[in-house]
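*Asks:* Handing over target_6.txt, compact mmCIF, C-alpha atoms and all ligand atoms.
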```txt
# COMPACT_ATOMS: atom_id res chain seq x y z
CA MET A 16 0.00 0.00 0.00
CA ASN A 17 1.02 3.61 -0.60
CA THR A 18 1.91 4.26 3.01
CA SER A 19 0.71 7.82 3.53
CA VAL A 20 -2.51 8.02 5.52
CA LEU A 21 -4.98 10.90 5.57
CA VAL A 22 -6.29 11.23 9.13
CA ILE A 23 -9.67 12.90 9.59
CA ASN A 24 -11.01 13.98 12.97
CA CYS A 25 -14.46 15.42 12.31
CA GLY A 26 -16.15 17.46 15.01
CA SER A 27 -19.58 19.09 14.83
CA SER A 28 -18.21 22.40 13.54
CA SER A 29 -14.60 21.59 12.69
CA ILE A 30 -12.38 19.05 10.92
CA LYS A 31 -8.80 18.36 11.99
CA TYR A 32 -6.76 16.65 9.30
CA ALA A 33 -3.23 15.37 8.77
CA LEU A 34 -1.47 13.61 5.90
CA ILE A 35 1.04 11.30 7.56
CA ASP A 36 3.83 9.42 5.83
CA SER A 37 5.22 6.18 7.26
CA ASP A 38 8.64 7.92 7.33
CA PRO A 39 8.48 9.94 10.57
CA ASN A 40 10.97 12.46 9.12
CA ALA A 41 8.72 13.32 6.16
CA SER A 42 6.92 16.66 6.46
CA ARG A 43 3.40 16.32 7.81
CA LEU A 44 0.69 18.35 6.12
CA ALA A 45 -1.86 19.18 8.77
CA GLY A 46 -4.51 21.71 9.61
CA LEU A 47 -7.93 22.58 10.86
CA ALA A 48 -11.13 23.65 9.10
CA GLU A 49 -13.27 25.38 11.70
CA ARG A 50 -16.61 27.15 12.21
CA LEU A 51 -18.16 24.91 9.53
CA GLY A 52 -21.73 25.86 8.70
CA SER A 53 -21.16 29.50 9.68
CA SER A 54 -20.67 32.33 7.21
CA GLU A 55 -16.98 32.70 8.05
CA ALA A 56 -15.66 29.12 8.01
CA CYS A 57 -11.91 29.02 7.81
CA LEU A 58 -9.15 26.55 6.87
CA LYS A 59 -5.70 26.86 8.45
CA GLY A 60 -2.75 24.58 7.91
CA ASN A 61 0.81 24.17 6.69
CA THR A 62 2.44 23.31 3.36
CA SER A 63 5.30 20.84 2.80
CA SER A 64 7.75 23.76 2.79
CA GLY A 65 6.57 24.62 6.31
CA LYS A 66 4.59 27.75 5.32
CA ARG A 67 1.35 28.48 7.19
CA PHE A 68 -1.77 29.35 5.19
CA THR A 69 -5.27 30.57 6.00
CA GLN A 70 -8.19 30.26 3.58
CA THR A 71 -11.73 31.55 4.00
CA LEU A 72 -14.44 29.04 3.11
CA PRO A 73 -17.74 30.88 2.67
CA ASN A 74 -20.62 28.88 4.22
CA ALA A 75 -18.72 25.57 3.94
CA ASP A 76 -20.21 22.35 5.30
CA HIS A 77 -18.18 19.20 6.06
CA ALA A 78 -18.17 18.01 2.44
CA GLU A 79 -17.01 21.38 1.08
CA ALA A 80 -14.35 21.70 3.76
CA LEU A 81 -13.03 18.24 2.91
CA LYS A 82 -12.75 19.19 -0.76
CA ALA A 83 -10.77 22.30 0.21
CA ILE A 84 -8.53 20.16 2.44
CA LEU A 85 -7.81 17.73 -0.40
CA GLU A 86 -6.80 20.61 -2.66
CA ARG A 87 -4.23 21.51 -0.01
CA LEU A 88 -2.56 18.09 -0.08
CA GLU A 89 -0.34 19.25 -2.95
CA GLY A 90 -1.36 16.36 -5.21
CA ARG A 91 -0.25 13.70 -2.74
CA VAL A 92 -2.93 11.00 -2.89
CA PRO A 93 -3.05 8.97 0.32
CA GLY A 94 -3.04 5.16 0.42
CA ALA A 95 -5.80 5.06 3.03
CA VAL A 96 -7.98 7.27 5.19
CA GLY A 97 -8.13 6.87 8.97
CA HIS A 98 -11.12 8.34 10.82
CA ARG A 99 -11.25 9.13 14.51
CA ILE A 100 -14.52 7.64 15.78
CA VAL A 101 -15.30 8.61 19.34
CA HIS A 102 -17.76 5.92 20.46
CA GLY A 103 -17.45 2.31 19.32
CA GLY A 104 -19.45 0.74 22.16
CA GLU A 105 -18.43 -2.83 22.99
CA HIS A 106 -18.24 -3.77 19.32
CA PHE A 107 -14.70 -2.65 18.73
CA THR A 108 -11.54 -3.55 20.65
CA GLN A 109 -9.38 -2.35 17.76
CA ALA A 110 -9.52 -0.38 14.52
CA ALA A 111 -11.82 -1.71 11.77
CA MET A 112 -12.07 -1.42 7.99
CA ILE A 113 -15.15 0.71 7.29
CA ASP A 114 -18.02 -1.14 5.59
CA ASP A 115 -21.81 -1.00 5.94
CA HIS A 116 -21.72 -3.17 9.07
CA VAL A 117 -19.22 -0.84 10.78
CA ILE A 118 -21.24 2.25 9.79
CA ASP A 119 -24.39 0.63 11.27
CA ALA A 120 -22.51 -0.07 14.52
CA ILE A 121 -21.27 3.55 14.72
CA GLU A 122 -24.82 4.78 14.08
CA ALA A 123 -26.11 2.48 16.83
CA THR A 124 -23.87 4.17 19.42
CA ALA A 125 -24.44 7.75 18.17
CA ALA A 126 -26.95 8.52 20.94
CA LEU A 127 -24.15 7.94 23.49
CA ALA A 128 -21.80 10.50 21.93
CA PRO A 129 -24.14 13.12 20.47
CA LEU A 130 -21.43 15.78 20.17
CA HIS A 131 -19.09 13.44 18.32
CA ASN A 132 -20.40 10.32 16.49
CA PRO A 133 -22.84 12.10 14.11
CA ALA A 134 -20.00 14.41 13.02
CA ASN A 135 -17.64 11.43 12.64
CA LEU A 136 -20.23 9.78 10.35
CA ALA A 137 -20.53 12.98 8.28
CA GLY A 138 -16.74 12.86 7.85
CA ILE A 139 -16.86 9.26 6.60
CA ALA A 140 -19.66 10.05 4.12
CA ALA A 141 -17.89 13.12 2.75
CA THR A 142 -14.57 11.26 2.42
CA GLN A 143 -16.17 8.28 0.68
CA ASP A 144 -17.68 10.67 -1.88
CA VAL A 145 -14.28 12.10 -2.70
CA PHE A 146 -12.24 8.85 -2.43
CA PRO A 147 -14.65 6.00 -3.27
CA ASP A 148 -11.80 3.56 -3.99
CA LEU A 149 -9.52 4.17 -0.99
CA PRO A 150 -9.60 1.89 2.06
CA GLN A 151 -11.15 3.74 5.01
CA VAL A 152 -10.52 2.72 8.58
CA ALA A 153 -12.35 3.61 11.81
CA VAL A 154 -10.10 4.13 14.85
CA PHE A 155 -12.12 4.27 18.07
CA ASP A 156 -11.51 6.38 21.18
CA THR A 157 -13.17 3.60 23.19
CA ALA A 158 -11.08 0.65 21.91
CA PHE A 159 -8.05 1.14 24.20
CA HIS A 160 -10.32 1.05 27.27
CA GLN A 161 -11.87 -2.31 26.38
CA THR A 162 -9.34 -3.86 28.81
CA LEU A 163 -11.13 -2.28 31.80
CA PRO A 164 -12.16 -5.00 34.29
CA PRO A 165 -15.84 -5.24 35.29
CA ARG A 166 -15.21 -3.53 38.65
CA ALA A 167 -14.19 -0.41 36.69
CA TYR A 168 -16.67 -0.53 33.83
CA ARG A 169 -19.87 -1.57 35.59
CA TYR A 170 -22.24 0.94 37.18
CA ALA A 171 -24.08 -0.22 40.29
CA LEU A 172 -27.34 -0.52 38.34
CA PRO A 173 -29.66 -3.47 37.65
CA GLU A 174 -27.84 -6.04 35.52
CA ALA A 175 -30.34 -5.92 32.64
CA LEU A 176 -29.39 -2.31 31.91
CA TYR A 177 -25.92 -3.62 31.05
CA THR A 178 -26.78 -6.92 29.38
CA GLU A 179 -29.72 -5.63 27.33
CA TYR A 180 -28.85 -1.97 26.77
CA GLY A 181 -25.06 -1.81 27.01
CA ILE A 182 -25.13 0.71 29.88
CA ARG A 183 -21.59 0.61 31.25
CA ARG A 184 -18.50 2.77 31.38
CA TYR A 185 -16.57 2.89 28.07
CA GLY A 186 -13.94 5.63 28.37
CA PHE A 187 -12.66 7.93 25.60
CA HIS A 188 -9.49 9.64 24.28
CA GLY A 189 -8.07 6.08 24.02
CA THR A 190 -5.64 6.87 21.19
CA SER A 191 -4.19 9.71 23.27
CA HIS A 192 -3.90 7.75 26.54
CA ALA A 193 -2.33 4.84 24.61
CA TYR A 194 0.13 7.04 22.75
CA VAL A 195 1.40 9.10 25.70
CA SER A 196 1.70 6.13 28.09
CA GLN A 197 3.66 4.10 25.54
CA ARG A 198 5.85 7.10 24.80
CA ALA A 199 6.58 7.59 28.53
CA ALA A 200 7.32 3.87 28.89
CA THR A 201 9.88 4.23 26.06
CA LEU A 202 11.50 7.42 27.36
CA SER A 203 11.56 6.60 31.09
CA ASN A 204 13.76 4.05 32.84
CA ARG A 205 10.64 2.81 34.59
CA GLY A 206 9.27 1.18 31.40
CA ALA A 207 5.67 0.02 31.03
CA GLY A 208 4.76 -0.01 34.72
CA GLY A 209 1.95 1.94 36.33
CA TRP A 210 1.12 5.31 34.78
CA LEU A 211 -1.61 7.87 35.39
CA THR A 212 -2.43 9.99 32.34
CA ALA A 213 -4.28 13.33 32.27
CA HIS A 214 -5.54 14.33 28.81
CA LEU A 215 -6.64 17.94 29.26
CA GLY A 216 -8.01 19.55 26.08
CA ASN A 217 -11.52 20.76 25.32
CA GLY A 218 -12.60 17.31 26.47
CA CYS A 219 -10.66 16.10 29.53
CA SER A 220 -10.10 12.62 30.92
CA THR A 221 -7.71 10.69 33.15
CA SER A 222 -6.66 7.07 32.89
CA ALA A 223 -4.80 4.42 34.93
CA ILE A 224 -2.53 2.28 32.76
CA TRP A 225 -0.66 -0.84 33.83
CA ASN A 226 1.65 -2.68 31.43
CA ASN A 227 0.22 -0.76 28.45
CA GLN A 228 -3.36 -1.71 29.34
CA SER A 229 -6.05 0.69 30.49
CA LEU A 230 -7.44 -0.41 33.88
CA ASP A 231 -9.67 2.55 34.62
CA THR A 232 -10.57 5.97 33.23
CA SER A 233 -12.64 8.97 34.23
CA MET A 234 -15.11 9.14 31.31
CA GLY A 235 -17.99 6.66 31.30
CA LEU A 236 -21.02 5.77 29.20
CA THR A 237 -20.61 9.13 27.44
CA PRO A 238 -17.79 11.70 27.25
CA LEU A 239 -19.63 13.77 29.89
CA GLU A 240 -18.59 11.80 33.00
CA GLY A 241 -15.56 12.73 35.09
CA LEU A 242 -13.50 15.90 35.00
CA VAL A 243 -14.55 19.51 34.50
CA MET A 244 -14.06 20.35 30.79
CA GLY A 245 -14.30 23.42 28.53
CA THR A 246 -18.11 23.43 28.36
CA ARG A 247 -18.95 20.04 29.96
CA SER A 248 -19.79 19.70 33.66
CA GLY A 249 -18.19 16.31 34.26
CA ASP A 250 -19.55 14.50 37.34
CA VAL A 251 -22.70 15.85 38.93
CA ASP A 252 -25.08 14.22 41.40
CA PRO A 253 -27.11 11.65 39.41
CA GLY A 254 -30.16 13.12 41.15
CA LEU A 255 -29.60 16.45 39.40
CA HIS A 256 -31.56 15.56 36.25
CA ALA A 257 -34.74 14.67 38.14
CA HIS A 258 -34.33 17.72 40.36
CA LEU A 259 -33.97 20.15 37.42
CA HIS A 260 -36.93 18.57 35.71
CA ARG A 261 -39.18 18.66 38.77
CA GLN A 262 -38.14 22.04 40.16
CA LEU A 263 -37.47 24.03 36.97
CA ASN A 264 -39.56 21.98 34.53
CA TRP A 265 -36.52 21.61 32.24
CA SER A 266 -36.81 19.06 29.42
CA LEU A 267 -34.18 16.34 28.95
CA ASP A 268 -32.82 18.21 25.92
CA GLU A 269 -32.43 21.40 27.94
CA ILE A 270 -30.63 19.53 30.74
CA ASP A 271 -28.37 17.77 28.25
CA ASN A 272 -27.56 21.04 26.52
CA VAL A 273 -26.68 22.82 29.78
CA LEU A 274 -24.44 19.96 31.01
CA ASN A 275 -22.66 19.52 27.66
CA LYS A 276 -22.44 23.03 26.27
CA GLN A 277 -22.90 25.64 28.99
CA SER A 278 -21.07 24.18 31.97
CA GLY A 279 -17.42 23.39 32.78
CA LEU A 280 -14.93 26.28 32.65
CA LEU A 281 -17.51 28.35 30.76
CA GLY A 282 -20.26 27.81 33.32
CA LEU A 283 -18.08 28.35 36.38
CA SER A 284 -16.20 31.39 35.07
CA GLY A 285 -19.20 32.96 33.35
CA LEU A 286 -16.63 34.08 30.76
CA THR A 287 -15.08 31.47 28.52
CA ASN A 288 -14.23 27.82 27.86
CA ASP A 289 -10.66 28.77 26.90
CA MET A 290 -8.16 27.97 29.67
CA ARG A 291 -5.77 30.73 28.49
CA GLU A 292 -8.40 33.36 29.20
CA VAL A 293 -9.46 31.68 32.45
CA GLU A 294 -5.85 31.86 33.68
CA ASP A 295 -5.39 35.49 32.58
CA GLN A 296 -8.64 36.58 34.22
CA ALA A 297 -7.91 34.59 37.39
CA LEU A 298 -4.57 36.43 37.66
CA ALA A 299 -6.41 39.71 37.17
CA GLY A 300 -8.63 38.79 40.14
CA HIS A 301 -11.86 37.74 38.38
CA LYS A 302 -13.80 35.69 40.95
CA GLY A 303 -15.50 33.32 38.49
CA ALA A 304 -12.23 32.60 36.67
CA LYS A 305 -10.42 31.91 39.97
CA LEU A 306 -13.14 29.50 41.01
CA ALA A 307 -13.14 27.78 37.59
CA LEU A 308 -9.36 27.21 37.78
CA GLU A 309 -9.60 25.96 41.35
CA VAL A 310 -12.45 23.49 40.69
CA PHE A 311 -10.81 22.33 37.44
CA CYS A 312 -7.49 21.47 39.15
CA TYR A 313 -9.06 20.01 42.30
CA ARG A 314 -11.23 17.65 40.28
CA ILE A 315 -8.24 16.44 38.24
CA ALA A 316 -6.25 15.75 41.43
CA LYS A 317 -9.20 13.96 43.02
CA SER A 318 -9.66 11.82 39.90
CA LEU A 319 -5.94 10.91 39.74
CA ALA A 320 -5.92 9.94 43.42
CA ALA A 321 -8.99 7.76 42.88
CA LEU A 322 -7.54 6.10 39.77
CA SER A 323 -4.32 5.24 41.62
CA CYS A 324 -6.43 2.50 43.31
CA ALA A 325 -6.42 0.65 39.98
CA LEU A 326 -2.61 0.37 39.88
CA PRO A 327 -0.37 -2.08 41.78
CA GLN A 328 2.39 0.55 41.67
CA LEU A 329 2.69 4.16 40.51
CA ASP A 330 5.68 4.98 38.27
CA GLY A 331 4.58 8.34 37.04
CA ILE A 332 2.03 10.78 35.81
CA ILE A 333 1.73 12.21 32.31
CA PHE A 334 0.11 15.52 31.30
CA THR A 335 -1.09 15.99 27.72
CA GLY A 336 -3.73 17.80 25.58
CA GLY A 337 -3.82 21.56 24.92
CA ILE A 338 -3.97 22.43 28.64
CA GLY A 339 -1.76 19.59 29.91
CA GLU A 340 0.94 20.47 27.38
CA ASN A 341 0.81 24.24 27.78
CA SER A 342 -0.21 25.17 31.29
CA PRO A 343 2.53 24.97 33.95
CA THR A 344 -0.02 26.55 36.33
CA VAL A 345 -2.54 23.71 35.99
CA ARG A 346 0.22 21.07 36.34
CA ARG A 347 1.66 22.77 39.42
CA ASN A 348 -1.76 23.24 41.08
CA VAL A 349 -2.80 19.64 40.43
CA LEU A 350 0.42 18.15 41.83
CA ALA A 351 0.32 20.43 44.88
CA LEU A 352 -3.01 18.77 45.76
CA LEU A 353 -1.39 15.31 45.79
CA PRO A 354 1.25 15.61 48.56
CA HIS A 355 0.93 11.95 49.64
CA PHE A 356 2.22 10.78 46.25
CA ARG A 357 5.71 12.27 46.77
CA PHE A 358 5.92 14.04 43.40
CA SER A 359 8.76 16.55 43.27
CA VAL A 360 8.32 19.09 40.47
CA ASP A 361 11.26 21.05 39.06
CA ASP A 362 9.71 24.52 38.68
CA VAL A 363 12.13 25.61 35.97
CA ALA A 364 11.52 22.51 33.85
CA ASN A 365 7.77 22.78 34.45
CA GLU A 366 7.67 26.41 33.25
CA ALA A 367 9.86 25.62 30.23
CA THR A 368 8.02 22.52 29.00
CA ILE A 369 5.32 24.09 26.84
CA ARG A 370 4.43 24.52 23.14
CA GLY A 371 5.08 21.00 21.94
CA LYS A 372 8.13 20.28 24.14
CA GLU A 373 8.36 16.78 25.56
CA GLY A 374 10.12 15.94 28.81
CA LYS A 375 10.32 14.98 32.44
CA VAL A 376 9.61 17.92 34.75
CA ASP A 377 10.50 16.47 38.16
CA ASN A 378 13.72 16.75 40.17
CA ALA A 379 16.13 14.08 38.95
CA ASP A 380 17.37 13.06 42.41
CA HIS A 381 14.06 12.16 44.03
CA HIS A 382 12.65 8.65 44.36
CA GLY A 383 8.89 9.22 44.03
CA PRO A 384 6.83 8.82 40.88
CA GLU A 385 7.96 10.76 37.81
CA VAL A 386 6.13 13.68 36.17
CA TRP A 387 6.12 13.89 32.36
CA VAL A 388 4.71 16.28 29.79
CA ILE A 389 4.14 14.41 26.52
CA PRO A 390 2.48 16.21 23.59
CA THR A 391 -0.20 13.87 22.35
CA ASP A 392 -0.21 12.61 18.77
CA GLU A 393 -3.69 11.26 18.18
CA GLU A 394 -3.24 11.73 14.42
CA GLY A 395 0.08 9.80 14.31
CA ARG A 396 -1.40 6.98 16.33
CA ILE A 397 -4.53 6.85 14.12
CA ALA A 398 -2.29 6.69 11.02
CA MET A 399 -0.29 3.82 12.55
CA GLU A 400 -3.43 1.86 13.43
CA THR A 401 -4.95 2.57 10.00
CA ARG A 402 -1.85 1.27 8.22
CA HIS A 403 -1.82 -1.85 10.41
CA CYS A 404 -5.52 -2.50 9.80
CA VAL A 405 -5.18 -2.17 6.00
CA GLU A 406 -2.07 -4.35 5.86
CA THR A 407 -3.55 -7.14 7.97
CA SER A 408 -6.78 -7.16 5.93
CA GLU A 409 -4.96 -7.50 2.57
N1 LIG B 1 -0.76 28.30 26.61
C1 LIG B 1 -1.86 27.74 27.09
N2 LIG B 1 -2.17 27.83 28.41
C2 LIG B 1 -3.29 27.29 28.92
N3 LIG B 1 -4.19 26.60 28.17
C3 LIG B 1 -3.93 26.47 26.86
C4 LIG B 1 -2.77 27.02 26.24
N4 LIG B 1 -2.80 26.72 24.91
C5 LIG B 1 -3.95 26.02 24.70
N5 LIG B 1 -4.62 25.86 25.86
C6 LIG B 1 -5.95 25.26 26.07
O1 LIG B 1 -6.09 23.98 25.49
C7 LIG B 1 -7.49 23.74 25.29
C8 LIG B 1 -7.69 23.09 23.94
O2 LIG B 1 -7.01 21.88 23.94
P1 LIG B 1 -6.88 20.95 22.63
O3 LIG B 1 -6.25 19.68 23.07
O4 LIG B 1 -6.21 21.74 21.56
O5 LIG B 1 -8.40 20.77 22.27
P2 LIG B 1 -9.20 19.66 21.48
O6 LIG B 1 -9.78 18.77 22.55
O7 LIG B 1 -10.26 20.43 20.75
O8 LIG B 1 -8.21 18.94 20.59
C9 LIG B 1 -8.19 25.10 25.44
O9 LIG B 1 -8.81 25.18 26.72
C10 LIG B 1 -7.03 26.07 25.38
O10 LIG B 1 -7.32 27.23 26.11
C1 LIG B 2 -14.16 12.30 23.67
C2 LIG B 2 -13.89 13.75 23.70
O1 LIG B 2 -14.21 14.42 24.66
O2 LIG B 2 -13.25 14.26 22.64
P1 LIG B 2 -12.79 15.79 22.44
O3 LIG B 2 -11.77 16.06 23.47
O4 LIG B 2 -12.20 15.80 21.04
O5 LIG B 2 -14.01 16.64 22.57
MG MG B 3 -9.38 16.61 22.11
```
As structure tokens, how would this structure be written, given the file I've shared?

*Replies:*
Amino acid sequence: MNTSVLVINCGSSSIKYALIDSDPNASRLAGLAERLGSSEACLKGNTSSGKRFTQTLPNADHAEALKAILERLEGRVPGAVGHRIVHGGEHFTQAAMIDDHVIDAIEATAALAPLHNPANLAGIAATQDVFPDLPQVAVFDTAFHQTLPPRAYRYALPEALYTEYGIRRYGFHGTSHAYVSQRAATLSNRGAGGWLTAHLGNGCSTSAIWNNQSLDTSMGLTPLEGLVMGTRSGDVDPGLHAHLHRQLNWSLDEIDNVLNKQSGLLGLSGLTNDMREVEDQALAGHKGAKLALEVFCYRIAKSLAALSCALPQLDGIIFTGGIGENSPTVRRNVLALLPHFRFSVDDVANEATIRGKEGKVDNADHHGPEVWVIPTDEEGRIAMETRHCVETSE
């Protein structure tokens, strides 16, 4: 097979893409088409000579944005397309060649990831229109977490809700947790022992990984459970839904919308879902922003402490995602809330490890668990799994 893979990560109003060669030294064409469906959609990316470009796409939908993306690939036709699919339910423990059966299975789980799966399906349809003859592969966020044992994936609910309706914890961001934990195991002397990972982007989740296998994670049936996120509440009292309905007469759709789109950093700060602005405003003394930062960090620390129960031993912790990779403040605040774990952060290294830098940020001479910052590479991992899936199906 021609070994370059076009990776497509379709969100509801954006598409991230990357054209990835099997030679890691080859230049990677990558970019983002955002605000799709609005009058000022925009495509940003790089060219093989490293130049940045920006292109306005008037009123573009997913299909039009994909066409514009393909025109930016400088004539390089990929050998396969790899799609990020957020929810694969229990059907998929690894990547799968896309056919009608796989599309039906993705549709069947769409209700569990309403912000993600419908957009992922739109990305598949648009790509199949443009490349009807290329192999297309689905790489699932949930697949890496299929190693969770029942004690971690079952809710304490009547059994039939699991056996008949698949209501259980699935976990997400699997390609990211898998990539960063394997990278840390390669870079650290500790190897593939016990690692806690914190993927902190717009969506946020933690995971406990032992010997390259996920043993527990903070997201559950849907990507709403767990940590505070950009606009998602994370954990709330399960009694909240009934309370809001009975007291405020809110419909299920209204409740869902508030918890998914108006909560998290945005809800707490009353300002923004963007951590950069939350930090700036917190420094300037804005009460809501200070509270948002405090709750965000406390909930991450609490989740990491809870997940440590899944591990026989703790070798280190890994921060990744836009916030994990770029915010020394969040990393410092989270670790300060975990004094029993004997982390020892090197403040200079912590401040310096931002903007795509990879490294260990603890003091070299201490004996506690290590602290790593590892920029995630969901696209690289999706390309690797896509290539493997195509080659083993040939
Ligand atoms: N320098 C920075 N300091 C703090 N947060 C940052 C910084 N750069 C990016 N972020 C945050 O990263 C988040 C986006 O993460 P990212 O992983 O890119 O998102 P996505 O989940 O959409 O891929 C936003 O909250 C953004 O504010
Ligand atoms: C699963 C999930 O939350 O994904 P994202 O971070 O891309 O929103
Ligand atoms: Mg993300």

*Asks:* Rank nothing, just name the residue among A:Ala193, A:Leu172, A:Leu51, A:Ala153 nearest to Ile30 in chain A, using only C-alpha atoms.

*Replies:*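 That would be A:Leu51, the residue with the smallest distance to Ile30 in chain A.
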
*Asks:* Leaving out range 320-324 of chain A and any residue of its chain fewer than 3 positions from it, which residues lie within 8 Å of it when counting only C-alpha atoms, given as a PDB file with C-alpha atoms, in the coordinates of the input?

*Replies:*
```pdb
ATOM      1  CA  LEU A 211      -1.610   7.870  35.390  1.00  0.00           C
ATOM      2  CA  SER A 222      -6.660   7.070  32.890  1.00  0.00           C
ATOM      3  CA  ALA A 223      -4.800   4.420  34.930  1.00  0.00           C
ATOM      4  CA  ASP A 231      -9.670   2.550  34.620  1.00  0.00           C
ATOM      5  CA  THR A 232     -10.570   5.970  33.230  1.00  0.00           C
ATOM      6  CA  ALA A 316      -6.250  15.750  41.430  1.00  0.00           C
ATOM      7  CA  LYS A 317      -9.200  13.960  43.020  1.00  0.00           C
ATOM      8  CA  PRO A 327      -0.370  -2.080  41.780  1.00  0.00           C
ATOM      9  CA  LEU A 329       2.690   4.160  40.510  1.00  0.00           C
ATOM     10  CA  LEU A 353      -1.390  15.310  45.790  1.00  0.00           C
TER      11      LEU A 353
END
```

*Asks:* Show me which residues are within 7 Å of ligand LIG 1 (chain B) counting all atoms listed in the file, and format the list as a PyMOL selection string.

*Replies:* chain A and resi 215-218+245+288-292+336-338+341-342

*Asks:* Store the residues picked out above, limited to C-alpha atoms, as a compact mmCIF listing (two decimals), keeping the file's coordinate frame.

*Replies:*
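Saved to result.txt:
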```txt
# COMPACT_ATOMS: atom_id res chain seq x y z
CA LEU A 215 -6.64 17.94 29.26
CA GLY A 216 -8.01 19.55 26.08
CA ASN A 217 -11.52 20.76 25.32
CA GLY A 218 -12.60 17.31 26.47
CA GLY A 245 -14.30 23.42 28.53
CA ASN A 288 -14.23 27.82 27.86
CA ASP A 289 -10.66 28.77 26.90
CA MET A 290 -8.16 27.97 29.67
CA ARG A 291 -5.77 30.73 28.49
CA GLU A 292 -8.40 33.36 29.20
CA GLY A 336 -3.73 17.80 25.58
CA GLY A 337 -3.82 21.56 24.92
CA ILE A 338 -3.97 22.43 28.64
CA ASN A 341 0.81 24.24 27.78
CA SER A 342 -0.21 25.17 31.29
```

*Asks:* Give me, as a VMD selection string, the set of residues whose atoms come within 12 Å of any atom of ligand MG 3 (chain B), counting only C-alpha atoms and all ligand atoms.

*Replies:* chain A and resid 24 to 26 29 to 31 99 101 131 156 187 to 192 213 to 220 238 244 to 245 335 to 339 390 to 394

*Asks:* Write the residues you've just listed into a file as a short mmCIF file (atom, residue, chain, number, x, y, z; two decimals), in the frame of the given file, and include C-alpha atoms for each of them.

*Replies:*
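For reference, again.cif as written:
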```
data_model
loop_
_atom_site.label_atom_id
_atom_site.label_comp_id
_atom_site.auth_asym_id
_atom_site.auth_seq_id
_atom_site.Cartn_x
_atom_site.Cartn_y
_atom_site.Cartn_z
CA ASN A 24 -11.01 13.98 12.97
CA CYS A 25 -14.46 15.42 12.31
CA GLY A 26 -16.15 17.46 15.01
CA SER A 29 -14.60 21.59 12.69
CA ILE A 30 -12.38 19.05 10.92
CA LYS A 31 -8.80 18.36 11.99
CA ARG A 99 -11.25 9.13 14.51
CA VAL A 101 -15.30 8.61 19.34
CA HIS A 131 -19.09 13.44 18.32
CA ASP A 156 -11.51 6.38 21.18
CA PHE A 187 -12.66 7.93 25.60
CA HIS A 188 -9.49 9.64 24.28
CA GLY A 189 -8.07 6.08 24.02
CA THR A 190 -5.64 6.87 21.19
CA SER A 191 -4.19 9.71 23.27
CA HIS A 192 -3.90 7.75 26.54
CA ALA A 213 -4.28 13.33 32.27
CA HIS A 214 -5.54 14.33 28.81
CA LEU A 215 -6.64 17.94 29.26
CA GLY A 216 -8.01 19.55 26.08
CA ASN A 217 -11.52 20.76 25.32
CA GLY A 218 -12.60 17.31 26.47
CA CYS A 219 -10.66 16.10 29.53
CA SER A 220 -10.10 12.62 30.92
CA PRO A 238 -17.79 11.70 27.25
CA MET A 244 -14.06 20.35 30.79
CA GLY A 245 -14.30 23.42 28.53
CA THR A 335 -1.09 15.99 27.72
CA GLY A 336 -3.73 17.80 25.58
CA GLY A 337 -3.82 21.56 24.92
CA ILE A 338 -3.97 22.43 28.64
CA GLY A 339 -1.76 19.59 29.91
CA PRO A 390 2.48 16.21 23.59
CA THR A 391 -0.20 13.87 22.35
CA ASP A 392 -0.21 12.61 18.77
CA GLU A 393 -3.69 11.26 18.18
CA GLU A 394 -3.24 11.73 14.42
#
```

*Asks:* Mind giving me the axis-aligned box for range 205-218 of chain A with 6 Å on every side, centre plus edges in Å to one decimal, as AutoDock Vina command-line options?

*Replies:*
```
--center_x -1.0 --center_y 10.4 --center_z 30.8 --size_x 35.2 --size_y 32.8 --size_z 23.0
```

*Asks:* For each of A:Gly208, A:Pro147, A:Pro164, A:Gly235, take the minimum atom-to-atom distance to Ile182 in chain A, counting all atoms listed in the file, then give the residue where this is smallest.

*Replies:* A:Gly235

*Asks:* Enter the distance from atom O5 of ligand LIG 2 (chain B) to CA of Arg166 in chain A, in Å, rounded to one decimal.

*Replies:* 25.8 Å

*Asks:* Could you please determine the separation between CA of Leu230 in chain A and CA of Gly331 in chain A in Å, to one decimal place?

*Replies:* 15.2 Å

*Asks:* Between A:Ser229, A:Ser19, A:Ser248, A:Ser318, which residue has the minimum interatomic distance to ligand LIG 2 (chain B), considering only C-alpha atoms and all ligand atoms?

*Replies:* A:Ser248

*Asks:* Between A:Thr221, A:Thr124, A:Ser27, A:Ser63, single out the one closest to Leu236 in chain A, counting only C-alpha atoms.

*Replies:*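 Of A:Thr221, A:Thr124, A:Ser27, A:Ser63, the one nearest Leu236 in chain A, counting only C-alpha atoms, is A:Thr124.
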
*Asks:* Write out as a PyMOL selection string which residues come within 8 Å of Ala75 in chain A when counting all atoms listed in the file, dropping same-chain ones fewer than 5 positions away.

*Replies:* chain A and resi 51-54+56+80

*Asks:* Using only C-alpha atoms, which residue out of A:Ser284, A:Gln228, A:Thr401, A:Ser203 lies closest to Gly374 in chain A?

*Replies:*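 Nearest candidate to Gly374 in chain A out of A:Ser284, A:Gln228, A:Thr401, A:Ser203: A:Ser203.
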
*Asks:* Tell me, in Å to one decimal, how far CA of Gly371 in chain A is from CA of Trp210 in chain A.

*Replies:*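 Result for CA of Gly371 in chain A versus CA of Trp210 in chain A: 20.7 Å, one decimal.
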
*Asks:* Need the shell around Glu366 in chain A: protein/DNA/RNA residues with any atom at most 7 Å away, counting only C-alpha atoms. Skip same-chain ones fewer than 3 positions apart. Format as JSON, numbers by chain?

*Replies:* {"A": [343, 362, 363]}

*Asks:* Go ahead and save the picked residues with C-alpha atoms, as an mmCIF file, in the frame of the given file.

*Replies:*
```cif
data_model
loop_
_atom_site.group_PDB
_atom_site.id
_atom_site.type_symbol
_atom_site.label_atom_id
_atom_site.label_comp_id
_atom_site.auth_asym_id
_atom_site.auth_seq_id
_atom_site.Cartn_x
_atom_site.Cartn_y
_atom_site.Cartn_z
ATOM 1 C CA PRO A 343 2.530 24.970 33.950
ATOM 2 C CA ASP A 362 9.710 24.520 38.680
ATOM 3 C CA VAL A 363 12.130 25.610 35.970
#
```
